[in-house]
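Pasted below: my_file-v1.cif, mmCIF, C-alpha atoms, pLDDT in the B column; chains and numbers go by the auth columns.
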data_final
#
loop_
_atom_site.group_PDB
_atom_site.id
_atom_site.type_symbol
_atom_site.label_atom_id
_atom_site.label_comp_id
_atom_site.label_asym_id
_atom_site.label_seq_id
_atom_site.Cartn_x
_atom_site.Cartn_y
_atom_site.Cartn_z
_atom_site.B_iso_or_equiv
_atom_site.auth_seq_id
_atom_site.auth_asym_id
ATOM 1 C CA MET A 1 -13.316 -11.147 -1.643 87.00 1 T
ATOM 2 C CA ALA A 2 -10.637 -13.694 -0.793 94.00 2 T
ATOM 3 C CA VAL A 3 -7.081 -12.727 0.091 96.00 3 T
ATOM 4 C CA ASN A 4 -4.326 -14.783 -1.490 97.00 4 T
ATOM 5 C CA ASP A 5 -1.920 -16.244 1.112 97.00 5 T
ATOM 6 C CA ASP A 6 0.988 -14.673 -0.764 97.00 6 T
ATOM 7 C CA CYS A 7 -0.343 -11.230 0.270 98.00 7 T
ATOM 8 C CA LYS A 8 -0.051 -12.066 3.962 97.00 8 T
ATOM 9 C CA LEU A 9 3.328 -13.745 3.484 97.00 9 T
ATOM 10 C CA LYS A 10 4.870 -10.796 1.656 98.00 10 T
ATOM 11 C CA PHE A 11 3.431 -8.373 4.213 98.00 11 T
ATOM 12 C CA LEU A 12 4.951 -10.374 7.084 97.00 12 T
ATOM 13 C CA GLU A 13 8.315 -10.367 5.303 97.00 13 T
ATOM 14 C CA LEU A 14 8.131 -6.585 4.903 98.00 14 T
ATOM 15 C CA LYS A 15 7.079 -6.094 8.532 97.00 15 T
ATOM 16 C CA ALA A 16 9.429 -8.550 10.245 96.00 16 T
ATOM 17 C CA LYS A 17 12.451 -8.789 7.966 96.00 17 T
ATOM 18 C CA ARG A 18 12.147 -5.559 5.957 96.00 18 T
ATOM 19 C CA THR A 19 12.631 -7.611 2.802 96.00 19 T
ATOM 20 C CA TYR A 20 10.682 -5.064 0.719 98.00 20 T
ATOM 21 C CA ARG A 21 10.194 -1.299 0.638 98.00 21 T
ATOM 22 C CA PHE A 22 6.681 -1.593 -0.773 98.00 22 T
ATOM 23 C CA ILE A 23 4.041 -4.041 -1.983 98.00 23 T
ATOM 24 C CA VAL A 24 1.337 -3.284 -4.535 98.00 24 T
ATOM 25 C CA PHE A 25 -1.822 -5.408 -4.387 98.00 25 T
ATOM 26 C CA LYS A 26 -4.421 -5.855 -7.080 98.00 26 T
ATOM 27 C CA ILE A 27 -7.905 -7.356 -7.063 98.00 27 T
ATOM 28 C CA ASP A 28 -8.052 -10.133 -9.624 96.00 28 T
ATOM 29 C CA GLU A 29 -11.678 -10.002 -10.713 92.00 29 T
ATOM 30 C CA LYS A 30 -11.583 -13.428 -12.382 94.00 30 T
ATOM 31 C CA SER A 31 -10.448 -15.334 -9.297 94.00 31 T
ATOM 32 C CA LYS A 32 -12.228 -12.923 -6.924 94.00 32 T
ATOM 33 C CA GLN A 33 -9.181 -12.453 -4.729 97.00 33 T
ATOM 34 C CA VAL A 34 -6.561 -9.905 -3.791 98.00 34 T
ATOM 35 C CA ILE A 35 -3.139 -10.807 -5.196 98.00 35 T
ATOM 36 C CA VAL A 36 0.385 -9.361 -5.046 98.00 36 T
ATOM 37 C CA GLU A 37 1.074 -7.389 -8.217 98.00 37 T
ATOM 38 C CA LYS A 38 4.524 -6.022 -7.446 98.00 38 T
ATOM 39 C CA VAL A 39 7.097 -5.838 -4.676 98.00 39 T
ATOM 40 C CA GLY A 40 9.814 -3.218 -4.355 98.00 40 T
ATOM 41 C CA GLU A 41 13.334 -3.874 -3.131 97.00 41 T
ATOM 42 C CA PRO A 42 14.416 -2.078 0.090 96.00 42 T
ATOM 43 C CA THR A 43 16.750 0.146 -1.934 96.00 43 T
ATOM 44 C CA LEU A 44 13.933 1.673 -4.008 97.00 44 T
ATOM 45 C CA SER A 45 12.695 5.209 -3.338 95.00 45 T
ATOM 46 C CA TYR A 46 9.245 6.636 -2.716 96.00 46 T
ATOM 47 C CA GLU A 47 9.255 7.874 -6.319 96.00 47 T
ATOM 48 C CA ASP A 48 9.824 4.300 -7.528 97.00 48 T
ATOM 49 C CA PHE A 49 6.837 3.274 -5.429 97.00 49 T
ATOM 50 C CA THR A 50 4.464 5.945 -6.765 96.00 50 T
ATOM 51 C CA ALA A 51 5.617 5.207 -10.322 96.00 51 T
ATOM 52 C CA SER A 52 4.557 1.581 -9.876 97.00 52 T
ATOM 53 C CA LEU A 53 0.917 2.550 -9.265 97.00 53 T
ATOM 54 C CA PRO A 54 -1.182 2.665 -12.449 97.00 54 T
ATOM 55 C CA ALA A 55 -2.514 6.122 -13.312 95.00 55 T
ATOM 56 C CA ASP A 56 -6.063 4.971 -14.034 96.00 56 T
ATOM 57 C CA GLU A 57 -6.609 1.789 -12.011 97.00 57 T
ATOM 58 C CA CYS A 58 -7.274 1.203 -8.321 98.00 58 T
ATOM 59 C CA ARG A 59 -4.756 -0.609 -6.115 98.00 59 T
ATOM 60 C CA TYR A 60 -3.961 -1.277 -2.490 98.00 60 T
ATOM 61 C CA ALA A 61 -0.400 -0.672 -1.425 98.00 61 T
ATOM 62 C CA ILE A 62 1.836 -1.025 1.600 98.00 62 T
ATOM 63 C CA TYR A 63 4.800 1.304 1.980 98.00 63 T
ATOM 64 C CA ASP A 64 7.459 1.054 4.675 97.00 64 T
ATOM 65 C CA PHE A 65 8.441 4.661 5.355 97.00 65 T
ATOM 66 C CA ASP A 66 11.722 5.426 7.131 95.00 66 T
ATOM 67 C CA PHE A 67 12.125 8.788 8.800 94.00 67 T
ATOM 68 C CA VAL A 68 14.030 10.605 11.528 92.00 68 T
ATOM 69 C CA THR A 69 12.094 12.183 14.404 88.00 69 T
ATOM 70 C CA GLU A 70 12.763 15.627 15.852 87.00 70 T
ATOM 71 C CA GLU A 71 14.656 13.849 18.643 92.00 71 T
ATOM 72 C CA ASN A 72 16.905 12.425 15.902 93.00 72 T
ATOM 73 C CA CYS A 73 15.580 8.860 16.258 93.00 73 T
ATOM 74 C CA GLN A 74 15.440 6.575 13.238 94.00 74 T
ATOM 75 C CA LYS A 75 11.906 5.197 12.889 95.00 75 T
ATOM 76 C CA SER A 76 9.671 3.586 10.338 95.00 76 T
ATOM 77 C CA LYS A 77 5.913 3.407 9.847 97.00 77 T
ATOM 78 C CA ILE A 78 3.958 0.991 7.711 98.00 78 T
ATOM 79 C CA PHE A 79 1.474 2.832 5.512 98.00 79 T
ATOM 80 C CA PHE A 80 -1.593 1.278 3.912 98.00 80 T
ATOM 81 C CA ILE A 81 -2.543 3.262 0.829 98.00 81 T
ATOM 82 C CA ALA A 82 -5.868 2.831 -0.923 98.00 82 T
ATOM 83 C CA TRP A 83 -5.152 4.183 -4.405 98.00 83 T
ATOM 84 C CA SER A 84 -8.369 5.034 -6.197 98.00 84 T
ATOM 85 C CA PRO A 85 -7.704 7.539 -9.000 97.00 85 T
ATOM 86 C CA ASP A 86 -10.605 9.650 -10.287 95.00 86 T
ATOM 87 C CA THR A 87 -9.986 8.282 -13.778 95.00 87 T
ATOM 88 C CA SER A 88 -10.535 4.625 -12.797 97.00 88 T
ATOM 89 C CA ARG A 89 -13.757 2.771 -13.575 96.00 89 T
ATOM 90 C CA VAL A 90 -16.645 3.312 -11.157 96.00 90 T
ATOM 91 C CA ARG A 91 -17.107 -0.444 -10.764 96.00 91 T
ATOM 92 C CA SER A 92 -13.446 -0.822 -9.866 96.00 92 T
ATOM 93 C CA LYS A 93 -13.644 1.996 -7.276 97.00 93 T
ATOM 94 C CA MET A 94 -16.677 0.373 -5.677 96.00 94 T
ATOM 95 C CA LEU A 95 -15.003 -3.042 -5.605 96.00 95 T
ATOM 96 C CA TYR A 96 -11.854 -1.691 -3.940 98.00 96 T
ATOM 97 C CA ALA A 97 -13.835 0.451 -1.486 97.00 97 T
ATOM 98 C CA SER A 98 -16.055 -2.428 -0.404 96.00 98 T
ATOM 99 C CA SER A 99 -13.151 -4.892 0.019 97.00 99 T
ATOM 100 C CA LYS A 100 -10.713 -2.541 1.761 97.00 100 T
ATOM 101 C CA ASP A 101 -11.592 -3.123 5.419 96.00 101 T
ATOM 102 C CA ARG A 102 -11.630 -6.886 5.114 95.00 102 T
ATOM 103 C CA PHE A 103 -8.288 -6.849 3.296 97.00 103 T
ATOM 104 C CA LYS A 104 -6.750 -4.515 5.886 96.00 104 T
ATOM 105 C CA ARG A 105 -7.796 -6.851 8.705 95.00 105 T
ATOM 106 C CA GLU A 106 -5.709 -9.607 7.103 95.00 106 T
ATOM 107 C CA LEU A 107 -2.571 -7.475 7.383 97.00 107 T
ATOM 108 C CA ASP A 108 -1.742 -7.042 11.036 95.00 108 T
ATOM 109 C CA GLY A 109 0.674 -4.195 11.708 96.00 109 T
ATOM 110 C CA ILE A 110 -0.538 -1.307 9.555 97.00 110 T
ATOM 111 C CA GLN A 111 0.165 1.946 11.375 97.00 111 T
ATOM 112 C CA VAL A 112 -1.182 4.651 9.073 97.00 112 T
ATOM 113 C CA GLU A 113 -3.938 4.531 6.475 97.00 113 T
ATOM 114 C CA LEU A 114 -4.121 6.869 3.525 97.00 114 T
ATOM 115 C CA GLN A 115 -6.812 7.239 0.870 97.00 115 T
ATOM 116 C CA ALA A 116 -5.616 8.840 -2.360 97.00 116 T
ATOM 117 C CA THR A 117 -7.448 9.757 -5.561 97.00 117 T
ATOM 118 C CA ASP A 118 -4.563 11.621 -7.178 94.00 118 T
ATOM 119 C CA PRO A 119 -0.776 11.702 -6.666 93.00 119 T
ATOM 120 C CA THR A 120 -0.835 14.955 -4.650 94.00 120 T
ATOM 121 C CA GLU A 121 -2.875 13.238 -1.905 96.00 121 T
ATOM 122 C CA MET A 122 -0.013 10.814 -1.291 96.00 122 T
ATOM 123 C CA GLY A 123 2.976 13.043 -1.890 95.00 123 T
ATOM 124 C CA LEU A 124 6.058 12.576 0.251 95.00 124 T
ATOM 125 C CA ASP A 125 5.127 15.676 2.271 94.00 125 T
ATOM 126 C CA VAL A 126 1.748 14.084 3.130 96.00 126 T
ATOM 127 C CA ILE A 127 3.469 10.835 4.121 96.00 127 T
ATOM 128 C CA ARG A 128 5.949 12.740 6.309 94.00 128 T
ATOM 129 C CA SER A 129 3.226 14.714 8.073 94.00 129 T
ATOM 130 C CA ARG A 130 1.178 11.562 8.758 95.00 130 T
ATOM 131 C CA ALA A 131 4.202 9.621 10.031 93.00 131 T
ATOM 132 C CA ASN A 132 4.872 11.890 13.015 81.00 132 T
#
Can the structure from this file be put into structure tokens for me?
Amino acid sequence: MAVNDDCKLKFLELKAKRTYRFIVFKIDEKSKQVIVEKVGEPTLSYEDFTASLPADECRYAIYDFDFVTEENCQKSKIFFIAWSPDTSRVRSKMLYASSKDRFKRELDGIQVELQATDPTEMGLDVIRSRAN
């Protein structure tokens, strides 16, 4: 599975310049490559991010999570989320599962990985607990 250059570019912009809050990636089965489906402005919330994931299709996503530590320090962590809802097609789940590691290697700077099959597995409370 090829990775479109735009994926790496957008990820670098999120990581270095914080141009985006999140990026949603999709596997384009026709061209056999991972492409950028949607980017979220820095002002968007976590709810905006989760709403941009389709309910019954797999996606990869990057989310830049800002939080404050117990020592009152402002920090951020870059999450890689493999979204694979139970209701998606088996073939799609297999395709995303088998391409995930190679895709992740292309994006240097991921700090936390999360696998989610329904929205509760990637709730804000889960993200918070994994960030610390």
Skipping near chain neighbours, those fewer than 4 positions away, what residues fall within 9 Å of Ser88 of chain T using all atoms listed in the file, listed as a tab-separated table (two decimals) with C-alpha atoms, in the coordinates of the input?
chain	number	residue	atom	x	y	z
T	55	ALA	CA	-2.51	6.12	-13.31
T	56	ASP	CA	-6.06	4.97	-14.03
T	57	GLU	CA	-6.61	1.79	-12.01
T	58	CYS	CA	-7.27	1.20	-8.32
T	84	SER	CA	-8.37	5.03	-6.20
T	92	SER	CA	-13.45	-0.82	-9.87
T	93	LYS	CA	-13.64	2.00	-7.28
Within 9 Å of (8.8, 7.5, 11.9), in the coordinates the file gives, what residues turn up when you count only C-alpha atoms, written out as a VMD selection string? chain T and resid 65 to 69 73 to 77 128 131 to 132
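Rounded to one decimal, atom CA of Asp48 of chain T and atom CA of Arg102 of chain T lie 27.3 Å from each other.
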Tell me, counting only C-alpha atoms, for each residue of segment 44-129 of chain T within 12 Å of segment 13-17 of chain T, which pair of atoms is nearest and how far apart they are in Å to one decimal, in rows ordered by chain and increasing number, as a Markdown table.
| residue | atom | partner | partner_atom | distance |
| --- | --- | --- | --- | --- |
| T:Ile62 | CA | T:Leu14 | CA | 9.0 |
| T:Tyr63 | CA | T:Leu14 | CA | 9.0 |
| T:Asp64 | CA | T:Leu14 | CA | 7.7 |
| T:Phe65 | CA | T:Leu14 | CA | 11.3 |
| T:Ser76 | CA | T:Lys15 | CA | 10.2 |
| T:Lys77 | CA | T:Lys15 | CA | 9.7 |
| T:Ile78 | CA | T:Lys15 | CA | 7.8 |
| T:Phe79 | CA | T:Lys15 | CA | 11.0 |
| T:Leu107 | CA | T:Lys15 | CA | 9.8 |
| T:Asp108 | CA | T:Lys15 | CA | 9.2 |
| T:Gly109 | CA | T:Lys15 | CA | 7.4 |
| T:Ile110 | CA | T:Lys15 | CA | 9.1 |
| T:Gln111 | CA | T:Lys15 | CA | 11.0 |
Just the selected residues (C-alpha atoms), exported as a CSV table (one decimal), keeping the file's coordinate frame, please.
chain,number,residue,atom,x,y,z
T,62,ILE,CA,1.8,-1.0,1.6
T,63,TYR,CA,4.8,1.3,2.0
T,64,ASP,CA,7.5,1.1,4.7
T,65,PHE,CA,8.4,4.7,5.4
T,76,SER,CA,9.7,3.6,10.3
T,77,LYS,CA,5.9,3.4,9.8
T,78,ILE,CA,4.0,1.0,7.7
T,79,PHE,CA,1.5,2.8,5.5
T,107,LEU,CA,-2.6,-7.5,7.4
T,108,ASP,CA,-1.7,-7.0,11.0
T,109,GLY,CA,0.7,-4.2,11.7
T,110,ILE,CA,-0.5,-1.3,9.6
T,111,GLN,CA,0.2,1.9,11.4
Write out as a list in words which residues come within 10 Å of Val39 of chain T when counting only C-alpha atoms, dropping same-chain ones fewer than 2 positions away. Lys10, Phe11, Leu14, Thr19, Tyr20, Arg21, Phe22, Ile23, Val24, Phe25, Val36, Glu37, Glu41, Pro42, Phe49, Ser52, Ala61 and Ile62 of chain T
Which of these, T:Lys38, T:Arg91, T:Arg130, T:Arg59, has the shortest distance to Lys26 of chain T once you count all atoms listed in the file? T:Arg59
With all atoms listed in the file as the atoms that count, which of T:Lys8, T:Ala82, T:Met122, T:Gln115 lies nearest to Glu47 of chain T? T:Met122
Around all of segment 79-97 of chain T's listed atoms, make the axis-aligned box with 6 Å on each side and tell me centre and edge lengths in Å to one decimal, as AutoDock Vina command-line options.
--center_x -7.8 --center_y 3.3 --center_z -4.1 --size_x 30.6 --size_y 24.7 --size_z 31.3
Which value, in Å to one decimal, gives the distance between atom CA of Asp6 of chain T and atom CA of Lys30 of chain T? 17.2 Å
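For the pair atom CA of Asp125 of chain T and atom CA of Tyr96 of chain T, the interatomic distance is 25.1 Å.
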Within 8 Å of (-8.4, -10.4, -2.0) in the file's own coordinates, which protein, DNA or RNA residues have an atom, counting only C-alpha atoms? List them as a PyMOL selection string. chain T and resi 1-4+26-28+32-35+99+103
Could you tell me which residues the PyMOL selection byres ((chain T and resi 114) around 7) returns for this structure, as a PyMOL selection string? chain T and resi 80-82+112-113+115-116
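The residue that comes closest to Gly123 of chain T, out of T:Ala51, T:Arg105, T:Ser98, T:Arg89 and on the basis of all atoms listed in the file, is T:Ala51.
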So, with all atoms listed in the file as the atoms that count, which of T:Ser31, T:Leu12, T:Trp83, T:Glu106 lies closest to Thr50 of chain T? T:Trp83
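For the residues T:Asn72, T:Leu53, T:Arg18, T:Val126, ranking by smallest atom-to-atom distance to Pro85 of chain T using all atoms listed in the file places T:Leu53 first.
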